[in-house]
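Peer 1: Structure file input.pdb, PDB, C-alpha atoms, is pasted below:
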```
ATOM      1  CA  MET A   1       0.000   0.000   0.000
ATOM      2  CA  LYS A   2       1.300   3.449  -0.942
ATOM      3  CA  ILE A   3       2.117   5.626   2.043
ATOM      4  CA  THR A   4       0.684   9.147   1.838
ATOM      5  CA  ILE A   5       1.001  12.381   3.768
ATOM      6  CA  HIS A   6      -2.284  11.464   5.526
ATOM      7  CA  ASP A   7      -0.652   8.361   7.027
ATOM      8  CA  ILE A   8       2.278  10.386   8.335
ATOM      9  CA  ALA A   9      -0.045  13.004   9.874
ATOM     10  CA  LYS A  10      -2.217  10.355  11.549
ATOM     11  CA  LYS A  11       0.719   8.485  13.090
ATOM     12  CA  ALA A  12       2.439  11.700  14.222
ATOM     13  CA  GLY A  13      -0.767  13.101  15.692
ATOM     14  CA  VAL A  14      -0.499  16.343  13.732
ATOM     15  CA  SER A  15      -2.388  17.988  10.915
ATOM     16  CA  ILE A  16      -1.762  17.317   7.246
ATOM     17  CA  ALA A  17      -0.718  20.974   6.887
ATOM     18  CA  THR A  18       1.979  20.521   9.542
ATOM     19  CA  VAL A  19       3.428  17.509   7.707
ATOM     20  CA  SER A  20       3.312  19.431   4.438
ATOM     21  CA  ARG A  21       5.191  22.364   5.982
ATOM     22  CA  ALA A  22       7.790  19.996   7.484
ATOM     23  CA  PHE A  23       8.702  18.786   3.987
ATOM     24  CA  SER A  24       8.501  22.184   2.283
ATOM     25  CA  GLU A  25      10.280  25.514   2.165
ATOM     26  CA  ALA A  26       8.333  26.429   5.343
ATOM     27  CA  LYS A  27       9.905  23.622   7.391
ATOM     28  CA  ASN A  28      11.358  26.108   9.907
ATOM     29  CA  SER A  29       7.807  27.120  10.865
ATOM     30  CA  VAL A  30       7.363  23.647  12.412
ATOM     31  CA  LYS A  31       8.782  23.051  15.900
ATOM     32  CA  PRO A  32      12.102  21.182  15.669
ATOM     33  CA  GLU A  33      10.903  18.304  17.862
ATOM     34  CA  THR A  34       7.724  17.930  15.771
ATOM     35  CA  ARG A  35       9.708  18.090  12.551
ATOM     36  CA  GLU A  36      12.118  15.386  13.752
ATOM     37  CA  LYS A  37       9.185  13.204  14.801
ATOM     38  CA  ILE A  38       7.632  13.548  11.347
ATOM     39  CA  TYR A  39      10.934  12.736   9.619
ATOM     40  CA  LYS A  40      11.443   9.665  11.805
ATOM     41  CA  ILE A  41       7.963   8.320  11.034
ATOM     42  CA  ALA A  42       8.458   9.024   7.328
ATOM     43  CA  GLU A  43      11.706   7.059   7.395
ATOM     44  CA  GLU A  44      10.070   4.142   9.211
ATOM     45  CA  LEU A  45       7.282   4.022   6.628
ATOM     46  CA  ASN A  46       9.657   4.531   3.650
ATOM     47  CA  TYR A  47       7.811   7.674   2.660
ATOM     48  CA  ALA A  48       9.377  10.172   0.256
ATOM     49  CA  PRO A  49       7.691  13.511  -0.498
ATOM     50  CA  ASN A  50       6.375  13.907  -4.007
ATOM     51  CA  ALA A  51       8.877  16.248  -5.644
ATOM     52  CA  ILE A  52       6.508  17.176  -8.476
ATOM     53  CA  ALA A  53       3.716  18.089  -6.078
ATOM     54  CA  ARG A  54       6.116  20.118  -3.972
ATOM     55  CA  SER A  55       7.413  21.990  -7.005
ATOM     56  CA  LEU A  56       3.858  22.828  -8.093
ATOM     57  CA  ALA A  57       3.002  24.092  -4.643
ATOM     58  CA  SER A  58       6.127  26.210  -4.239
ATOM     59  CA  ASN A  59       6.532  27.194  -7.922
ATOM     60  CA  SER A  60      10.098  25.903  -7.632
ATOM     61  CA  THR A  61      11.723  22.687  -8.830
ATOM     62  CA  LYS A  62      14.814  23.050  -6.580
ATOM     63  CA  THR A  63      16.741  21.975  -9.673
ATOM     64  CA  ILE A  64      19.103  23.796 -12.013
ATOM     65  CA  GLY A  65      20.202  22.882 -15.519
ATOM     66  CA  VAL A  66      23.856  22.881 -16.572
ATOM     67  CA  VAL A  67      24.759  22.814 -20.273
ATOM     68  CA  LEU A  68      28.450  22.176 -21.048
ATOM     69  CA  PRO A  69      30.329  21.404 -24.281
ATOM     70  CA  GLU A  70      31.316  18.054 -22.762
ATOM     71  CA  ILE A  71      30.502  16.232 -19.531
ATOM     72  CA  GLN A  72      33.712  14.209 -19.419
ATOM     73  CA  GLY A  73      37.321  15.246 -19.041
ATOM     74  CA  GLU A  74      38.900  16.754 -15.958
ATOM     75  CA  PHE A  75      38.187  20.386 -16.874
ATOM     76  CA  PHE A  76      34.434  19.861 -17.147
ATOM     77  CA  THR A  77      34.147  17.503 -14.191
ATOM     78  CA  ASP A  78      35.873  20.149 -12.048
ATOM     79  CA  ILE A  79      33.334  22.760 -13.179
ATOM     80  CA  ILE A  80      30.492  20.364 -12.363
ATOM     81  CA  GLN A  81      32.020  19.690  -8.949
ATOM     82  CA  GLY A  82      32.197  23.423  -8.218
ATOM     83  CA  ILE A  83      28.565  23.953  -9.234
ATOM     84  CA  ASP A  84      27.417  20.917  -7.265
ATOM     85  CA  GLU A  85      29.126  22.110  -4.089
ATOM     86  CA  ILE A  86      27.132  25.364  -4.112
ATOM     87  CA  ALA A  87      23.934  23.665  -5.318
ATOM     88  CA  PHE A  88      24.062  21.088  -2.522
ATOM     89  CA  ALA A  89      24.571  23.811   0.089
ATOM     90  CA  ASP A  90      21.474  25.599  -1.250
ATOM     91  CA  GLY A  91      19.374  22.420  -1.298
ATOM     92  CA  TYR A  92      19.339  22.146  -5.083
ATOM     93  CA  HIS A  93      19.823  19.281  -7.506
ATOM     94  CA  MET A  94      21.293  19.721 -10.969
ATOM     95  CA  ILE A  95      20.745  18.158 -14.370
ATOM     96  CA  VAL A  96      23.819  18.183 -16.616
ATOM     97  CA  ALA A  97      23.675  18.039 -20.409
ATOM     98  CA  GLY A  98      26.505  17.904 -22.938
ATOM     99  CA  SER A  99      25.870  20.221 -25.883
ATOM    100  CA  HIS A 100      28.247  18.688 -28.494
ATOM    101  CA  SER A 101      26.477  20.639 -31.261
ATOM    102  CA  GLN A 102      24.244  23.672 -31.764
ATOM    103  CA  ARG A 103      21.284  21.309 -32.172
ATOM    104  CA  ASN A 104      21.960  19.710 -28.797
ATOM    105  CA  ILE A 105      22.329  23.126 -27.157
ATOM    106  CA  ILE A 106      18.897  24.132 -28.450
ATOM    107  CA  ASP A 107      17.356  20.797 -27.414
ATOM    108  CA  SER A 108      18.819  21.110 -23.900
ATOM    109  CA  ILE A 109      17.632  24.688 -23.410
ATOM    110  CA  MET A 110      14.132  23.902 -24.720
ATOM    111  CA  GLY A 111      13.995  20.781 -22.554
ATOM    112  CA  PHE A 112      15.046  22.627 -19.412
ATOM    113  CA  MET A 113      13.145  25.876 -19.935
ATOM    114  CA  GLY A 114      10.231  24.873 -22.133
ATOM    115  CA  LYS A 115       9.118  22.120 -19.765
ATOM    116  CA  SER A 116       9.796  24.194 -16.634
ATOM    117  CA  MET A 117      12.176  21.504 -15.384
ATOM    118  CA  VAL A 118      14.608  23.922 -13.765
ATOM    119  CA  ASP A 119      14.684  27.163 -11.787
ATOM    120  CA  GLY A 120      17.763  28.411 -13.636
ATOM    121  CA  ILE A 121      20.486  27.472 -16.103
ATOM    122  CA  ILE A 122      24.269  27.660 -16.193
ATOM    123  CA  LEU A 123      25.376  27.651 -19.811
ATOM    124  CA  MET A 124      28.869  27.082 -21.185
ATOM    125  CA  VAL A 125      29.075  26.728 -24.950
ATOM    126  CA  PRO A 126      31.773  27.641 -27.502
ATOM    127  CA  THR A 127      29.539  30.168 -29.250
ATOM    128  CA  ILE A 128      25.981  31.422 -28.783
ATOM    129  CA  THR A 129      24.050  31.708 -32.032
ATOM    130  CA  ASN A 130      21.100  34.024 -32.669
ATOM    131  CA  ARG A 131      18.799  30.999 -32.307
ATOM    132  CA  VAL A 132      20.174  30.169 -28.858
ATOM    133  CA  GLN A 133      20.005  33.827 -27.815
ATOM    134  CA  SER A 134      16.365  34.107 -28.918
ATOM    135  CA  LEU A 135      15.511  31.030 -26.817
ATOM    136  CA  LEU A 136      17.169  32.530 -23.752
ATOM    137  CA  GLU A 137      15.157  35.719 -24.248
ATOM    138  CA  LYS A 138      11.900  33.815 -24.792
ATOM    139  CA  TYR A 139      11.809  32.078 -21.416
ATOM    140  CA  ASN A 140      11.832  34.001 -18.160
ATOM    141  CA  THR A 141      14.397  31.705 -16.548
ATOM    142  CA  PRO A 142      17.532  33.003 -14.792
ATOM    143  CA  VAL A 143      20.680  32.292 -16.828
ATOM    144  CA  VAL A 144      24.390  32.582 -16.071
ATOM    145  CA  ILE A 145      26.875  32.060 -18.907
ATOM    146  CA  ILE A 146      30.400  30.781 -18.351
ATOM    147  CA  THR A 147      32.355  32.872 -20.848
ATOM    148  CA  ASP A 148      34.634  35.864 -21.052
ATOM    149  CA  ASP A 149      33.018  37.042 -24.285
ATOM    150  CA  GLU A 150      32.193  40.725 -23.872
ATOM    151  CA  ASP A 151      29.330  40.464 -26.378
ATOM    152  CA  PHE A 152      26.963  39.088 -23.753
ATOM    153  CA  ARG A 153      26.626  42.192 -21.604
ATOM    154  CA  GLU A 154      22.906  41.574 -21.008
ATOM    155  CA  TYR A 155      23.623  38.287 -19.205
ATOM    156  CA  ASP A 156      25.489  37.542 -15.999
ATOM    157  CA  THR A 157      28.826  36.003 -16.996
ATOM    158  CA  VAL A 158      31.754  34.297 -15.303
ATOM    159  CA  GLY A 159      34.895  33.643 -17.309
ATOM    160  CA  ILE A 160      38.610  32.976 -17.350
ATOM    161  CA  ASP A 161      40.912  35.790 -18.426
ATOM    162  CA  ASN A 162      42.078  33.788 -21.435
ATOM    163  CA  PHE A 163      43.938  36.643 -23.094
ATOM    164  CA  GLN A 164      45.986  37.601 -20.041
ATOM    165  CA  GLY A 165      46.722  33.977 -19.127
ATOM    166  CA  THR A 166      48.151  33.280 -22.567
ATOM    167  CA  TYR A 167      49.962  36.595 -22.793
ATOM    168  CA  SER A 168      51.641  35.954 -19.425
ATOM    169  CA  ILE A 169      52.949  32.495 -20.263
ATOM    170  CA  ILE A 170      54.259  33.497 -23.711
ATOM    171  CA  ARG A 171      55.986  36.564 -22.239
ATOM    172  CA  HIS A 172      57.488  34.287 -19.565
ATOM    173  CA  LEU A 173      58.925  32.023 -22.270
ATOM    174  CA  ILE A 174      60.383  35.033 -24.079
ATOM    175  CA  LYS A 175      61.647  37.201 -21.221
ATOM    176  CA  ASN A 176      62.612  34.609 -18.608
ATOM    177  CA  GLN A 177      63.583  31.615 -20.735
ATOM    178  CA  ASN A 178      64.915  33.396 -23.847
ATOM    179  CA  HIS A 179      62.699  31.610 -26.390
ATOM    180  CA  THR A 180      61.544  33.255 -29.614
ATOM    181  CA  ASN A 181      60.571  30.244 -31.764
ATOM    182  CA  ILE A 182      57.201  29.496 -30.171
ATOM    183  CA  ALA A 183      54.341  27.704 -31.935
ATOM    184  CA  ILE A 184      50.706  27.527 -30.837
ATOM    185  CA  ILE A 185      48.260  24.641 -31.098
ATOM    186  CA  ASN A 186      44.941  26.392 -30.602
ATOM    187  CA  GLY A 187      41.309  25.333 -30.240
ATOM    188  CA  PRO A 188      38.542  25.678 -32.865
ATOM    189  CA  ASP A 189      38.405  29.014 -34.700
ATOM    190  CA  GLU A 190      34.805  29.671 -33.594
ATOM    191  CA  ASN A 191      35.503  28.952 -29.912
ATOM    192  CA  ASN A 192      35.682  32.142 -27.832
ATOM    193  CA  ASP A 193      38.353  30.746 -25.461
ATOM    194  CA  ALA A 194      40.487  29.824 -28.467
ATOM    195  CA  ILE A 195      39.990  33.262 -30.008
ATOM    196  CA  LYS A 196      41.194  34.981 -26.815
ATOM    197  CA  ARG A 197      44.166  32.627 -26.375
ATOM    198  CA  ARG A 198      45.295  33.171 -29.968
ATOM    199  CA  ALA A 199      45.013  36.934 -29.444
ATOM    200  CA  GLY A 200      47.120  36.707 -26.265
ATOM    201  CA  TYR A 201      49.773  34.678 -28.101
ATOM    202  CA  LEU A 202      49.964  37.129 -30.995
ATOM    203  CA  ALA A 203      50.041  40.171 -28.690
ATOM    204  CA  ALA A 204      52.892  38.718 -26.612
ATOM    205  CA  LEU A 205      54.950  38.080 -29.758
ATOM    206  CA  LYS A 206      54.221  41.555 -31.129
ATOM    207  CA  ASP A 207      55.071  43.317 -27.860
ATOM    208  CA  SER A 208      58.359  41.393 -27.781
ATOM    209  CA  GLY A 209      59.246  42.378 -31.340
ATOM    210  CA  ILE A 210      58.979  38.795 -32.636
ATOM    211  CA  GLU A 211      57.638  38.192 -36.133
ATOM    212  CA  THR A 212      54.747  35.744 -36.483
ATOM    213  CA  ASN A 213      55.330  32.489 -38.360
ATOM    214  CA  ASP A 214      51.999  31.368 -39.851
ATOM    215  CA  GLU A 215      53.253  27.761 -40.140
ATOM    216  CA  TRP A 216      53.491  27.670 -36.355
ATOM    217  CA  ILE A 217      49.827  28.616 -35.772
ATOM    218  CA  ILE A 218      47.829  25.379 -35.844
ATOM    219  CA  GLN A 219      44.079  25.142 -35.324
ATOM    220  CA  SER A 220      42.955  22.010 -33.453
ATOM    221  CA  ASP A 221      40.076  20.890 -31.213
ATOM    222  CA  PHE A 222      41.192  20.892 -27.534
ATOM    223  CA  THR A 223      41.407  17.065 -27.469
ATOM    224  CA  LEU A 224      44.286  14.683 -26.754
ATOM    225  CA  ASN A 225      44.123  13.294 -30.282
ATOM    226  CA  GLY A 226      43.964  16.789 -31.732
ATOM    227  CA  GLY A 227      47.133  17.681 -29.845
ATOM    228  CA  GLU A 228      48.881  14.603 -31.231
ATOM    229  CA  LEU A 229      47.965  15.404 -34.831
ATOM    230  CA  ALA A 230      48.945  19.063 -34.533
ATOM    231  CA  CYS A 231      52.255  18.261 -32.816
ATOM    232  CA  SER A 232      53.107  15.702 -35.504
ATOM    233  CA  ARG A 233      52.466  18.378 -38.115
ATOM    234  CA  LEU A 234      54.741  20.893 -36.376
ATOM    235  CA  LEU A 235      57.554  18.392 -35.918
ATOM    236  CA  SER A 236      57.377  17.464 -39.614
ATOM    237  CA  LEU A 237      58.231  21.029 -40.652
ATOM    238  CA  ARG A 238      61.712  21.821 -41.929
ATOM    239  CA  ASN A 239      61.751  24.897 -39.687
ATOM    240  CA  LYS A 240      60.616  23.454 -36.359
ATOM    241  CA  PRO A 241      59.662  25.518 -33.292
ATOM    242  CA  ASP A 242      61.682  25.264 -30.079
ATOM    243  CA  VAL A 243      58.575  25.452 -27.880
ATOM    244  CA  ILE A 244      54.941  24.490 -28.456
ATOM    245  CA  PHE A 245      52.206  26.318 -26.545
ATOM    246  CA  ALA A 246      49.190  24.008 -26.468
ATOM    247  CA  ALA A 247      46.080  26.047 -25.678
ATOM    248  CA  ASN A 248      44.889  23.434 -23.192
ATOM    249  CA  ASP A 249      46.576  20.716 -21.155
ATOM    250  CA  MET A 250      44.889  17.838 -22.992
ATOM    251  CA  MET A 251      46.514  18.908 -26.261
ATOM    252  CA  ALA A 252      49.805  19.358 -24.385
ATOM    253  CA  LEU A 253      49.534  15.723 -23.249
ATOM    254  CA  GLY A 254      49.014  14.782 -26.902
ATOM    255  CA  CYS A 255      52.310  16.561 -27.666
ATOM    256  CA  TYR A 256      54.035  14.510 -24.948
ATOM    257  CA  ARG A 257      52.804  11.314 -26.614
ATOM    258  CA  VAL A 258      54.130  12.342 -30.016
ATOM    259  CA  ALA A 259      57.480  13.421 -28.595
ATOM    260  CA  GLN A 260      57.831  10.060 -26.837
ATOM    261  CA  LYS A 261      56.951   8.120 -30.006
ATOM    262  CA  MET A 262      59.399  10.145 -32.108
ATOM    263  CA  GLY A 263      62.204   9.974 -29.552
ATOM    264  CA  VAL A 264      62.174  13.753 -29.045
ATOM    265  CA  SER A 265      63.420  14.738 -25.589
ATOM    266  CA  ILE A 266      61.352  17.136 -23.475
ATOM    267  CA  PRO A 267      62.681  19.732 -22.647
ATOM    268  CA  ASP A 268      66.136  19.231 -24.200
ATOM    269  CA  GLN A 269      64.911  19.099 -27.811
ATOM    270  CA  LEU A 270      61.385  20.470 -27.481
ATOM    271  CA  GLY A 271      59.635  22.611 -24.898
ATOM    272  CA  ILE A 272      55.900  22.171 -24.257
ATOM    273  CA  VAL A 273      53.519  24.381 -22.250
ATOM    274  CA  GLY A 274      49.780  24.099 -21.636
ATOM    275  CA  PHE A 275      46.750  25.916 -20.271
ATOM    276  CA  ASP A 276      44.263  24.898 -17.498
ATOM    277  CA  HIS A 277      46.501  23.170 -14.937
ATOM    278  CA  ILE A 278      44.491  19.962 -14.743
ATOM    279  CA  THR A 279      45.620  17.540 -12.004
ATOM    280  CA  LEU A 280      47.301  15.197 -14.477
ATOM    281  CA  ALA A 281      49.697  17.980 -15.500
ATOM    282  CA  ASP A 282      51.446  17.654 -12.122
ATOM    283  CA  PHE A 283      52.068  13.941 -12.537
ATOM    284  CA  ILE A 284      53.485  13.641 -16.034
ATOM    285  CA  HIS A 285      57.252  13.730 -16.506
ATOM    286  CA  PRO A 286      58.682  16.227 -16.918
ATOM    287  CA  LYS A 287      56.128  18.291 -14.985
ATOM    288  CA  LEU A 288      54.197  20.546 -17.373
ATOM    289  CA  THR A 289      54.604  24.313 -17.362
ATOM    290  CA  THR A 290      51.057  25.615 -17.721
ATOM    291  CA  VAL A 291      48.559  28.370 -17.017
ATOM    292  CA  HIS A 292      46.761  27.775 -13.733
ATOM    293  CA  VAL A 293      42.990  28.161 -13.896
ATOM    294  CA  PRO A 294      40.908  27.739 -10.713
ATOM    295  CA  ILE A 295      38.470  25.559 -12.647
ATOM    296  CA  ALA A 296      36.125  24.606  -9.796
ATOM    297  CA  GLU A 297      35.943  28.297  -8.881
ATOM    298  CA  LEU A 298      34.320  28.960 -12.268
ATOM    299  CA  GLY A 299      31.491  26.605 -11.334
ATOM    300  CA  LYS A 300      31.172  27.990  -7.794
ATOM    301  CA  LYS A 301      31.010  31.614  -8.950
ATOM    302  CA  ALA A 302      28.466  30.830 -11.671
ATOM    303  CA  ALA A 303      26.280  28.861  -9.246
ATOM    304  CA  GLY A 304      26.484  31.585  -6.592
ATOM    305  CA  ILE A 305      25.296  34.247  -9.034
ATOM    306  CA  LEU A 306      22.532  31.980 -10.339
ATOM    307  CA  PHE A 307      21.125  31.237  -6.872
ATOM    308  CA  ASP A 308      21.183  34.951  -6.022
ATOM    309  CA  LYS A 309      19.149  35.556  -9.197
ATOM    310  CA  ILE A 310      16.713  32.747  -8.400
ATOM    311  CA  SER A 311      16.151  34.021  -4.850
ATOM    312  CA  LYS A 312      16.135  37.612  -6.108
ATOM    313  CA  LYS A 313      18.875  38.517  -3.621
ATOM    314  CA  LYS A 314      20.767  40.161  -6.458
ATOM    315  CA  GLU A 315      18.954  42.354  -8.950
ATOM    316  CA  GLY A 316      19.968  45.176 -11.238
ATOM    317  CA  GLU A 317      22.725  45.273 -13.831
ATOM    318  CA  PRO A 318      24.275  41.915 -14.898
ATOM    319  CA  GLN A 319      27.543  40.928 -13.230
ATOM    320  CA  HIS A 320      30.626  40.153 -15.311
ATOM    321  CA  ILE A 321      33.260  38.302 -13.312
ATOM    322  CA  LYS A 322      36.607  37.491 -14.858
ATOM    323  CA  ILE A 323      38.755  35.009 -12.946
ATOM    324  CA  SER A 324      42.486  35.667 -13.103
ATOM    325  CA  THR A 325      45.067  33.020 -13.964
ATOM    326  CA  GLY A 326      48.684  32.341 -12.996
ATOM    327  CA  VAL A 327      51.691  30.582 -14.482
ATOM    328  CA  ILE A 328      52.792  27.241 -13.021
ATOM    329  CA  ILE A 329      56.473  26.692 -13.726
ATOM    330  CA  GLY A 330      57.251  23.055 -14.423
ATOM    331  CA  ASP A 331      60.173  21.300 -16.084
ATOM    332  CA  SER A 332      58.837  20.996 -19.622
ATOM    333  CA  VAL A 333      60.752  23.993 -21.025
ATOM    334  CA  LYS A 334      64.511  24.433 -20.847
ATOM    335  CA  THR A 335      65.875  27.972 -20.507
ATOM    336  CA  LYS A 336      67.804  28.902 -23.629
ATOM    337  CA  SER A 337      71.328  30.114 -23.010
TER
END
```
Hey, can you dump this file as structure tokens for me?
Peer 2:
Amino acid sequence: MKITIHDIAKKAGVSIATVSRAFSEAKNSVKPETREKIYKIAEELNYAPNAIARSLASNSTKTIGVVLPEIQGEFFTDIIQGIDEIAFADGYHMIVAGSHSQRNIIDSIMGFMGKSMVDGIILMVPTITNRVQSLLEKYNTPVVIITDDEDFREYDTVGIDNFQGTYSIIRHLIKNQNHTNIAIINGPDENNDAIKRRAGYLAALKDSGIETNDEWIIQSDFTLNGGELACSRLLSLRNKPDVIFAANDMMALGCYRVAQKMGVSIPDQLGIVGFDHITLADFIHPKLTTVHVPIAELGKKAAGILFDKISKKKEGEPQHIKISTGVIIGDSVKTKS
């Protein structure tokens, strides 16, 4: 027999309204001893409150949607962990979707917003098309975008300072380690992070009086395999670079694989640097020089802003938070004498 709220109320000797309040947002209006008694009886009877009924009553699902380019890989799992930490503290659940393509982004947004499944959305996608933007405007659902793209001034945004992070590490290679022959393996041309990292690379070369070599600017896809293919291409050139800047650590790891297969010594024959500072970067040999990004902090900041919007604690002009980076000096680049 299905246990209902009536059964709990009868056994606890309280009204149905009291039981309802004990399991709702108004739980603090019930005396602590009464609330504990109700919870104990519910546990004994294996009763779980109906989440759908509760969401209808409170006009809240206590759930947020998270749309990411991928839901695997250390970078994205760290973002999810950061969001989950704040969500759990606020009593929220989250539904995570991988976008993979513009079609999947649209499907995820329509699924979350159109069916009123969530109270808010955290969105991280390489680019936001007019179609996606029109969907965000159509539904009155709080949205926070993880990006450092200045074009989205009407939305709350949290992003990495991609330009400065790249500029800093390239300038470090030039000024502190005396390198001038530096190649870049970048992400997709339409990806905003990749656009900013390429701009930081080019600006650092220009400010150092170093001429750009177009052969050393390779477009890839932020994956391990993409890093391998791009590194193989660079090492097949007659005029090879001394250092490769991989625009994320996964592509840097792909470079390590190629160097090992080809018998190229790191850092004696080839220097490699990355971006993100994923945990694995500290355990490969030699230790990778990379740009440190507080990845989980991205998720925490985005979630904090979103919950303030949902609870209406924060209103007014959109916030635009840019998280600073730092350079982690490893052993993957040898100082040139």
Peer 1: Edge lengths and centre, in Å to one decimal, as AutoDock Vina command-line options: that's what I need for the box along x, y and z that holds all listed atoms of segment 287-293 of chain A plus 4 Å on each side.
Peer 2:
```
--center_x 49.6 --center_y 23.3 --center_z -15.7 --size_x 21.1 --size_y 18.1 --size_z 12.0
```
Peer 1: Rounded to one decimal in Å, what is the spacing between atom CA of Leu123 of chain A and atom CA of Val66 of chain A?
Peer 2: 6.0 Å
Peer 1: What does the distance from atom CA of Thr325 of chain A to atom CA of His292 of chain A come to in Å, to one decimal?
Peer 2: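 These atoms are spaced 5.5 Å apart.
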Peer 1: To one decimal in Å, tell me the separation between atom CA of Lys309 of chain A and atom CA of Asp119 of chain A.
Peer 2: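 Atom CA of Asp119 of chain A lies at a distance of 9.9 Å from atom CA of Lys309 of chain A.
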Peer 1: Of the candidates A:Gly13, A:Gly263, A:Pro69, A:Gly209, which shows the shortest atom-to-atom distance to Asp221 of chain A, using all atoms listed in the file?
Peer 2: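 Closest to Asp221 of chain A, using all atoms listed in the file: A:Pro69.
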Peer 1: Which residue is closest to Ala246 of chain A? Choose from A:Ala199, A:Leu224, A:Ile185, A:Leu205 and count all atoms listed in the file.
Peer 2: A:Ile185
Peer 1: Name the residues in contact with Glu33 of chain A at a cut-off of 12 Å, using only C-alpha atoms, excluding same-chain residues fewer than 6 positions from it; report them as a VMD selection string.
Peer 2: chain A and resid 12 22 27 39 to 40
Peer 1: Pull out every residue that the PyMOL selection byres ((chain A and resi 318) around 7) matches in the shown coordinates and put them as a list of chain:residue names.
Peer 2: A:Glu154, A:Tyr155, A:Asp156, A:Gly316, A:Glu317, A:Gln319, A:His320
Peer 1: Identify, on the basis of only C-alpha atoms, every residue whose closest approach to Met250 of chain A does not exceed 9 Å; exclude the query and any residue fewer than 4 positions from it along the same chain; express the result as a list of chain:residue names.
Peer 2: A:Gly73, A:Phe222, A:Thr223, A:Leu224, A:Asn225, A:Gly226, A:Gly227, A:Ala246, A:Gly254, A:Cys255, A:Gly274, A:Phe275, A:Asp276, A:Ile278, A:Ala281
Peer 1: Please produce a file of the residues just selected, as a short mmCIF file (atom, residue, chain, number, x, y, z; two decimals), in the coordinates of the input, where the atoms kept are C-alpha atoms.
Peer 2:
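Result saved to again23.cif:
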```cif
data_model
loop_
_atom_site.label_atom_id
_atom_site.label_comp_id
_atom_site.auth_asym_id
_atom_site.auth_seq_id
_atom_site.Cartn_x
_atom_site.Cartn_y
_atom_site.Cartn_z
CA GLY A 73 37.32 15.25 -19.04
CA PHE A 222 41.19 20.89 -27.53
CA THR A 223 41.41 17.07 -27.47
CA LEU A 224 44.29 14.68 -26.75
CA ASN A 225 44.12 13.29 -30.28
CA GLY A 226 43.96 16.79 -31.73
CA GLY A 227 47.13 17.68 -29.84
CA ALA A 246 49.19 24.01 -26.47
CA GLY A 254 49.01 14.78 -26.90
CA CYS A 255 52.31 16.56 -27.67
CA GLY A 274 49.78 24.10 -21.64
CA PHE A 275 46.75 25.92 -20.27
CA ASP A 276 44.26 24.90 -17.50
CA ILE A 278 44.49 19.96 -14.74
CA ALA A 281 49.70 17.98 -15.50
#
```
Peer 1: Smallest atom-to-atom distance to Ala247 of chain A: which of A:Val132, A:Leu270, A:Val14, A:Ala183, using only C-alpha atoms?
Peer 2: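 So, comparing all the options, the nearest one is A:Ala183.
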Peer 1: The PyMOL selection byres ((chain A and resi 193) around 10) on the file shown: which residues, as number ranges by chain?
Peer 2: A: 126-127, 147-149, 159-163, 186-192, 194-199, 247
Peer 1: Show me, as a PyMOL selection string, the residues that have an atom within 12 Å of Phe76 of chain A when counting all atoms listed in the file, minus same-chain residues fewer than 3 positions from it.
Peer 2: chain A and resi 66-73+79-83+96-98+124-125+146+276+278+295-299
Peer 1: Tell me which of A:Ser15, A:Glu215, A:Ile8, A:Leu306 sits closest to Leu237 of chain A, counting only C-alpha atoms.
Peer 2: A:Glu215
Peer 1: Here is a test: counting only C-alpha atoms, which residue of A:Lys261, A:Arg131, A:Lys312, A:Lys334 is nearest to Pro286 of chain A?
Peer 2: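 That would be A:Lys334, the residue with the smallest distance to Pro286 of chain A.
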Peer 1: Using the chain letters and numbering of this document, enumerate as a PyMOL selection string the residues selected by the PyMOL selection byres ((chain A and resi 170) around 12).
Peer 2: chain A and resi 163-169+171-184+197-208+210+243-247+272-275+289-291+327+333
